[in-house]
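Shown below: start-v5.cif, with mmCIF, C-alpha atoms.
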```cif
data_protein
loop_
_atom_site.label_atom_id
_atom_site.label_comp_id
_atom_site.auth_asym_id
_atom_site.auth_seq_id
_atom_site.Cartn_x
_atom_site.Cartn_y
_atom_site.Cartn_z
CA MET A 289 192.96 -47.33 -60.22
CA ILE A 290 193.57 -43.57 -60.20
CA SER A 291 196.16 -42.38 -57.67
CA VAL A 292 195.13 -39.91 -54.99
CA ALA A 293 197.55 -37.33 -56.43
CA ALA A 294 196.13 -37.74 -59.94
CA PHE A 295 192.58 -37.52 -58.59
CA ARG A 296 193.35 -34.30 -56.73
CA LEU A 297 195.00 -32.88 -59.84
CA GLU A 298 191.92 -33.70 -61.94
CA LEU A 299 189.56 -32.03 -59.45
CA ALA A 300 191.79 -28.95 -59.19
CA HIS A 301 191.96 -28.69 -63.00
CA ARG A 302 188.17 -28.96 -63.26
CA ALA A 303 187.71 -26.36 -60.54
CA GLN A 304 190.08 -23.91 -62.22
CA GLN A 305 188.32 -24.32 -65.56
CA TYR A 306 184.97 -23.87 -63.83
CA ALA A 307 186.15 -20.71 -62.06
CA CYS A 308 187.76 -19.14 -65.12
CA SER A 309 184.86 -19.88 -67.47
CA ARG A 310 182.49 -18.12 -65.06
CA SER A 311 184.86 -15.37 -63.85
CA LEU A 312 184.53 -16.58 -60.26
CA PRO A 313 186.95 -15.10 -57.69
CA HIS A 314 189.48 -17.72 -56.63
CA SER A 315 193.12 -18.31 -55.74
CA LEU A 316 195.56 -21.15 -56.37
CA SER A 317 197.60 -22.70 -53.60
CA TYR A 318 201.40 -22.78 -53.80
CA GLY A 319 203.33 -25.91 -54.75
CA PRO A 320 203.70 -28.36 -57.65
CA LEU A 321 200.09 -29.61 -57.33
CA PRO A 322 198.08 -26.40 -56.78
CA THR A 323 194.49 -26.59 -55.62
CA VAL A 324 191.73 -24.01 -56.05
CA CYS A 325 190.14 -21.99 -53.25
CA PHE A 326 187.03 -19.97 -54.02
CA GLN A 327 185.84 -16.67 -52.56
CA THR A 328 182.41 -15.11 -52.22
CA ASP A 329 181.57 -12.99 -55.28
CA ASP A 330 179.92 -9.56 -55.57
CA GLU A 331 176.46 -11.15 -55.58
CA GLY A 332 177.09 -12.94 -52.29
CA LEU A 333 177.45 -16.38 -53.87
CA HIS A 334 180.39 -18.75 -53.47
CA GLY A 335 182.05 -20.51 -56.40
CA ASN A 336 182.58 -23.73 -54.47
CA PHE A 337 178.81 -24.18 -54.08
CA HIS A 338 175.80 -24.61 -56.31
CA PRO A 339 173.85 -21.30 -56.05
CA ALA A 340 170.64 -22.88 -54.70
CA SER A 341 172.60 -24.91 -52.13
CA PHE A 342 174.57 -21.87 -50.98
CA ARG A 343 171.48 -19.69 -50.58
CA ALA A 344 169.82 -22.39 -48.47
CA LEU A 345 173.02 -22.86 -46.46
CA MET A 346 173.28 -19.15 -45.69
CA ALA A 347 169.63 -19.00 -44.61
CA HIS A 348 170.11 -21.81 -42.06
CA PRO A 349 172.05 -20.61 -38.95
CA ASP A 350 173.38 -24.06 -37.96
CA TRP A 351 174.51 -24.89 -41.49
CA ARG A 352 176.13 -21.46 -41.88
CA LYS A 353 178.35 -22.15 -38.86
CA ARG A 354 180.17 -24.82 -40.88
CA LEU A 355 181.58 -22.09 -43.12
CA ARG A 356 183.62 -20.79 -40.18
CA LYS A 357 185.96 -23.79 -40.06
CA VAL A 358 189.40 -22.26 -40.62
CA HIS A 359 191.71 -23.71 -43.28
CA THR A 360 194.48 -24.87 -40.95
CA SER A 361 197.34 -24.70 -43.48
CA ALA A 362 196.18 -21.59 -45.36
CA LYS A 363 198.99 -19.36 -44.09
CA SER A 364 201.65 -21.58 -45.64
CA ILE A 365 200.00 -22.67 -48.91
CA LEU A 366 197.61 -19.87 -49.94
CA PRO A 367 198.19 -16.21 -50.87
CA ARG A 368 196.77 -13.55 -48.59
CA VAL A 369 193.65 -11.85 -49.90
CA ASP A 370 192.49 -8.53 -48.49
CA GLY A 371 189.65 -8.95 -46.03
CA ASN A 372 189.53 -12.71 -46.49
CA ARG A 373 190.46 -15.51 -44.12
CA TRP A 374 190.57 -18.81 -45.92
CA ARG A 375 188.13 -21.44 -44.68
CA GLU A 376 188.17 -25.21 -45.04
CA LEU A 377 185.04 -25.23 -47.22
CA ASP A 378 186.62 -22.78 -49.70
CA THR A 379 188.78 -25.51 -51.24
CA CYS A 380 187.68 -27.49 -54.26
CA LEU A 381 188.89 -30.72 -52.59
CA SER A 382 186.65 -30.39 -49.53
CA SER A 383 184.42 -33.43 -49.01
CA ASP A 384 182.35 -31.37 -46.55
CA ALA A 385 181.67 -28.79 -49.27
CA LEU A 386 180.59 -31.55 -51.66
CA LEU A 387 178.31 -33.04 -49.00
CA MET A 388 176.68 -29.67 -48.32
CA ASN A 389 176.33 -28.93 -52.03
CA VAL A 390 174.12 -32.00 -52.26
CA PHE A 391 172.22 -32.02 -48.98
CA CYS A 392 171.61 -28.28 -48.59
CA HIS A 393 169.87 -28.11 -51.96
CA PRO A 394 166.15 -27.48 -51.26
CA SER A 395 164.92 -29.96 -53.89
CA VAL A 396 167.15 -32.72 -52.55
CA ILE A 397 165.74 -32.48 -49.02
CA ARG A 398 162.22 -32.75 -50.44
CA SER A 399 163.06 -35.68 -52.74
CA PRO A 400 161.19 -38.98 -52.10
CA GLY A 401 163.87 -40.71 -54.19
CA LEU A 402 166.58 -39.59 -51.79
CA ALA A 403 164.54 -40.80 -48.82
CA ARG A 404 164.13 -44.24 -50.42
CA THR A 405 167.81 -44.46 -51.38
CA LEU A 406 169.03 -43.57 -47.89
CA GLY A 407 166.27 -45.37 -46.00
CA ILE A 408 165.09 -42.28 -44.12
CA ALA A 409 161.83 -40.39 -43.73
CA ALA A 410 161.01 -37.89 -46.48
CA ARG A 411 161.64 -34.15 -45.96
CA THR A 412 164.22 -34.75 -43.25
CA SER A 413 166.61 -31.87 -42.58
CA PRO A 414 170.30 -32.78 -42.20
CA GLN A 415 172.55 -31.90 -39.28
CA PHE A 416 176.17 -31.32 -40.26
CA GLY A 417 178.98 -32.04 -37.81
CA PHE A 418 176.94 -34.29 -35.51
CA PRO A 419 178.61 -34.78 -32.08
CA ALA A 420 178.29 -38.55 -31.74
CA ARG A 421 179.90 -38.90 -28.29
CA VAL A 422 180.99 -42.53 -28.80
CA PRO A 423 181.02 -44.22 -25.36
CA LEU A 424 184.43 -44.93 -23.83
CA GLY A 425 185.22 -47.58 -21.27
CA SER A 426 185.75 -44.81 -18.71
CA GLY A 427 182.07 -43.91 -18.90
CA SER A 428 182.54 -40.66 -20.82
CA GLY A 429 182.10 -40.03 -24.55
CA ASP A 430 184.78 -39.17 -27.08
CA ARG A 431 184.84 -36.15 -29.41
CA THR A 432 183.95 -37.98 -32.62
CA GLU A 433 182.13 -35.68 -35.04
CA VAL A 434 180.21 -37.42 -37.82
CA ASP A 435 179.97 -35.45 -41.08
CA MET A 436 176.18 -35.59 -41.21
CA LYS A 437 173.15 -36.99 -39.43
CA ILE A 438 169.95 -37.08 -41.43
CA GLY A 439 167.01 -38.76 -39.74
CA ASN A 440 168.31 -41.97 -38.20
CA LEU A 441 171.28 -42.18 -40.58
CA LEU A 442 174.89 -41.16 -39.89
CA VAL A 443 176.96 -40.28 -42.97
CA GLU A 444 180.73 -40.09 -43.47
CA ALA A 445 181.72 -38.24 -46.67
CA LYS A 446 185.01 -38.81 -48.50
CA LEU A 447 186.55 -37.37 -51.66
CA THR A 448 190.35 -37.05 -51.92
CA GLU A 449 191.37 -38.20 -48.43
CA ASN A 450 194.23 -40.72 -48.47
CA ASP A 451 192.49 -43.32 -46.31
CA PHE A 452 190.25 -43.82 -43.28
CA GLN A 453 193.23 -43.34 -40.93
CA TYR A 454 195.13 -45.82 -38.77
CA ALA A 455 195.14 -46.17 -34.99
CA LYS A 456 196.93 -48.28 -32.39
CA GLU A 457 195.06 -51.13 -30.74
CA SER A 458 195.22 -49.23 -27.45
CA SER A 459 193.26 -46.35 -29.01
CA LEU A 460 190.51 -48.70 -30.15
CA LEU A 461 190.34 -50.54 -26.84
CA ARG A 462 189.35 -47.26 -25.19
CA TYR A 463 185.91 -47.63 -26.73
CA ARG A 464 183.41 -49.42 -24.52
CA ASP A 465 181.83 -51.52 -27.26
CA PHE A 466 184.78 -52.16 -29.56
CA LEU A 467 185.37 -55.82 -28.72
CA ALA A 468 181.65 -56.56 -28.55
CA ILE A 469 181.05 -55.10 -32.01
CA PHE A 470 184.22 -56.00 -33.95
CA ASP A 471 186.30 -59.13 -34.41
CA ALA A 472 189.63 -57.37 -33.96
CA SER A 473 191.62 -60.33 -35.30
CA LEU A 474 190.10 -59.77 -38.77
CA LEU A 475 190.62 -56.00 -39.02
CA PRO A 476 193.20 -54.74 -41.56
CA GLN A 477 196.55 -54.10 -39.86
CA LYS A 478 199.94 -52.53 -40.48
CA GLY A 479 202.13 -53.67 -37.65
CA GLU A 480 200.56 -52.47 -34.40
CA TYR A 481 198.16 -50.15 -36.25
CA TYR A 482 194.62 -50.97 -37.36
CA GLY A 483 193.18 -49.54 -40.58
CA GLY A 484 189.77 -48.01 -41.08
CA TYR A 485 189.85 -46.11 -37.80
CA GLN A 486 187.26 -43.53 -38.89
CA LEU A 487 184.91 -46.26 -40.09
CA ILE A 488 185.26 -48.13 -36.80
CA ARG A 489 184.43 -45.00 -34.79
CA ASN A 490 181.47 -44.17 -37.02
CA VAL A 491 180.02 -47.68 -36.75
CA LEU A 492 180.40 -47.50 -32.97
CA ALA A 493 178.68 -44.10 -33.12
CA ALA A 494 175.80 -45.59 -35.11
CA HIS A 495 175.48 -48.41 -32.59
CA ALA A 496 175.50 -46.04 -29.60
CA ASN A 497 172.99 -43.65 -31.20
CA GLN A 498 170.75 -46.44 -32.54
CA CYS A 499 171.30 -45.24 -36.11
CA SER A 500 172.21 -46.78 -39.43
CA PHE A 501 175.45 -45.72 -41.14
CA CYS A 502 176.48 -44.86 -44.70
CA VAL A 503 179.86 -43.93 -46.12
CA LEU A 504 179.67 -41.70 -49.21
CA LEU A 505 182.68 -41.84 -51.51
CA ASP A 506 183.75 -41.53 -55.12
CA ALA A 507 183.56 -44.49 -57.50
CA ARG A 508 187.06 -43.51 -58.70
CA ARG A 509 188.39 -44.55 -55.28
CA PRO A 510 188.12 -48.37 -55.22
CA ASP A 511 190.84 -48.37 -52.55
CA LEU A 512 188.44 -46.71 -50.09
CA ILE A 513 185.64 -49.09 -51.08
CA GLU A 514 187.98 -52.03 -50.44
CA THR A 515 188.84 -50.68 -46.99
CA TRP A 516 185.14 -50.28 -46.25
CA TYR A 517 184.43 -53.95 -46.96
CA SER A 518 187.52 -55.10 -45.07
CA VAL A 519 186.18 -53.33 -41.96
CA MET A 520 182.51 -54.21 -42.37
CA LYS A 521 183.19 -57.94 -42.65
CA CYS A 522 184.56 -57.76 -39.09
CA LEU A 523 181.23 -56.69 -37.60
CA LYS A 524 179.78 -59.28 -35.22
CA PRO A 525 176.11 -58.20 -34.83
CA VAL A 526 174.22 -59.07 -38.02
CA PRO A 527 171.55 -56.34 -37.54
CA LEU A 528 174.26 -53.68 -37.29
CA ARG A 529 176.04 -55.05 -40.36
CA THR A 530 172.83 -54.83 -42.40
CA ALA A 531 172.32 -51.26 -41.13
CA CYS A 532 175.63 -50.18 -42.71
CA LYS A 533 175.98 -49.30 -46.38
CA VAL A 534 178.28 -47.70 -48.93
CA LEU A 535 177.05 -45.30 -51.62
CA THR A 536 179.06 -43.54 -54.31
CA TRP A 537 178.55 -39.93 -55.31
CA GLN A 538 177.93 -41.22 -58.83
CA GLU A 539 175.04 -43.43 -57.67
CA LEU A 540 173.59 -40.60 -55.62
CA SER A 541 173.83 -38.09 -58.47
CA ARG A 542 171.33 -40.08 -60.56
CA ILE A 543 168.45 -39.01 -58.32
CA LEU A 544 169.49 -35.37 -57.92
CA PRO A 545 167.94 -32.32 -59.68
CA THR A 546 169.23 -31.76 -63.22
CA THR A 547 170.96 -28.46 -62.45
CA LEU A 548 172.80 -30.03 -59.52
CA GLN A 549 173.77 -33.03 -61.66
CA LYS A 550 175.31 -30.67 -64.23
CA PHE A 551 177.18 -28.79 -61.49
CA LEU A 552 178.63 -32.02 -60.07
CA SER A 553 179.53 -33.29 -63.53
CA THR A 554 181.32 -30.09 -64.55
CA LYS A 555 183.08 -29.30 -61.29
CA TYR A 556 183.78 -32.77 -59.90
CA GLY A 557 183.48 -35.15 -62.86
CA ILE A 558 180.67 -36.94 -61.01
#
```

Will you turn the file into structure tokens for me?
Amino acid sequence: MISVAAFRLELAHRAQQYACSRSLPHSLSYGPLPTVCFQTDDEGLHGNFHPASFRALMAHPDWRKRLRKVHTSAKSILPRVDGNRWRELDTCLSSDALLMNVFCHPSVIRSPGLARTLGIAARTSPQFGFPARVPLGSGSGDRTEVDMKIGNLLVEAKLTENDFQYAKESSLLRYRDFLAIFDASLLPQKGEYYGGYQLIRNVLAAHANQCSFCVLLDARRPDLIETWYSVMKCLKPVPLRTACKVLTWQELSRILPTTLQKFLSTKYGI
């Protein structure tokens, strides 16, 4: 199994080669394991995105808002560039950027193959950063934001993240439906912390919004796939369990347009 550090290094190396071979404006972060952050070029395109995906993204007001997410650690790890404020989706390691590269592409949205693979209606437009409002026991909803909602499917995208996060039992018990949906005694644990916290929230979000759920991750991360199955086996309702799935970027790439396949292969090794 590839380590997370080695995986990040591979993606950064690919991104730097991609940028240099095409003379794309970019900067390297400081530190022993530098990553690549892209900038918009003179033609108004962005090196971190497939051209067709970026044009569609910029033409859609709600999608374009996602580009405003500030890179929270940019001041300490990235050089200052005149007139540029680094954003989260500038980095080559961004799972959100990868997700939007795929699902903003005009041909992908129109693809019957994608609709069949995901189990959604054809020609469905995605919503990025869906506010799921998972119900709490207090009667209010939390601030969970799911990476994407497309039709009746919620999607969580992962790339180089370490894990699905851990949370104390008390944090999980805040959710109204937690004990009705999960067998807590079977969930992966480290002391008083439960693993797969993001997955648990997303499944609860799917239940509350009457949606199915899919986690999208890289086949080079069997550790994340293992965590997925360790959480999903704890689901009590059989219909909800069958409405949850895992899909790798590699599996998804097989049904994508050829130019997008080549982009993902060159830049991400997918």

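When only C-alpha atoms are used to compute distances to Leu504 in chain A, the closest of the residues A:His314, A:Lys446, A:Arg302, A:Arg352 turns out to be A:Lys446.
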
Step by step, work through what the PyMOL selection byres ((chain A and resi 450) around 10) selects in the shown file, and finish by giving those residues as a JSON list (two decimals) with C-alpha atoms, keeping the file's coordinate frame.
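Result saved to result.json:
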```json
[["chain", "number", "residue", "atom", "x", "y", "z"],
["A", 291, "SER", "CA", 196.16, -42.38, -57.67],
["A", 292, "VAL", "CA", 195.13, -39.91, -54.99],
["A", 293, "ALA", "CA", 197.55, -37.33, -56.43],
["A", 446, "LYS", "CA", 185.01, -38.81, -48.50],
["A", 447, "LEU", "CA", 186.55, -37.37, -51.66],
["A", 448, "THR", "CA", 190.35, -37.05, -51.92],
["A", 449, "GLU", "CA", 191.37, -38.20, -48.43],
["A", 451, "ASP", "CA", 192.49, -43.32, -46.31],
["A", 452, "PHE", "CA", 190.25, -43.82, -43.28],
["A", 453, "GLN", "CA", 193.23, -43.34, -40.93],
["A", 509, "ARG", "CA", 188.39, -44.55, -55.28],
["A", 511, "ASP", "CA", 190.84, -48.37, -52.55],
["A", 512, "LEU", "CA", 188.44, -46.71, -50.09]]
```

Residues of range 475-556 of chain A within 10 Å of range 394-408 of chain A: nearest atom pair and distance (Å, one decimal) for each, counting all atoms listed in the file, sorted by chain and number, as CSV?
```
residue,atom,partner,partner_atom,distance
A:Ser500,CA,A:Gly407,CA,9.0
A:Phe501,CA,A:Leu406,CA,9.6
A:Cys502,CA,A:Leu406,CA,8.2
A:Ala531,CA,A:Gly407,CA,9.7
A:Lys533,CA,A:Leu406,CA,9.1
A:Leu535,CA,A:Leu406,CA,9.0
A:Glu539,CA,A:Thr405,CA,9.6
A:Leu540,CA,A:Leu402,CA,8.1
A:Ser541,CA,A:Leu402,CA,10.0
A:Arg542,CA,A:Gly401,CA,9.8
A:Ile543,CA,A:Gly401,CA,6.4
A:Leu544,CA,A:Val396,CA,6.4
A:Pro545,CA,A:Ser395,CA,6.9
A:Leu548,CA,A:Val396,CA,9.4
```

Residues of range 439-517 of chain A that approach range 411-421 of chain A to 8 Å or less, counting only C-alpha atoms: could you list each one with the shortest pair of atoms and its distance in Å to one decimal, rows by chain and increasing residue number, as a Markdown table?
```
| residue | atom | partner | partner_atom | distance |
| --- | --- | --- | --- | --- |
| A:Gly439 | CA | A:Thr412 | CA | 6.0 |
| A:Ala493 | CA | A:Ala420 | CA | 5.7 |
| A:Asn497 | CA | A:Ala420 | CA | 7.4 |
```

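Counting only C-alpha atoms and comparing A:Met520, A:Ala445, A:Cys392, A:Ala455, the residue that lies closest to Thr536 in chain A is A:Ala445.
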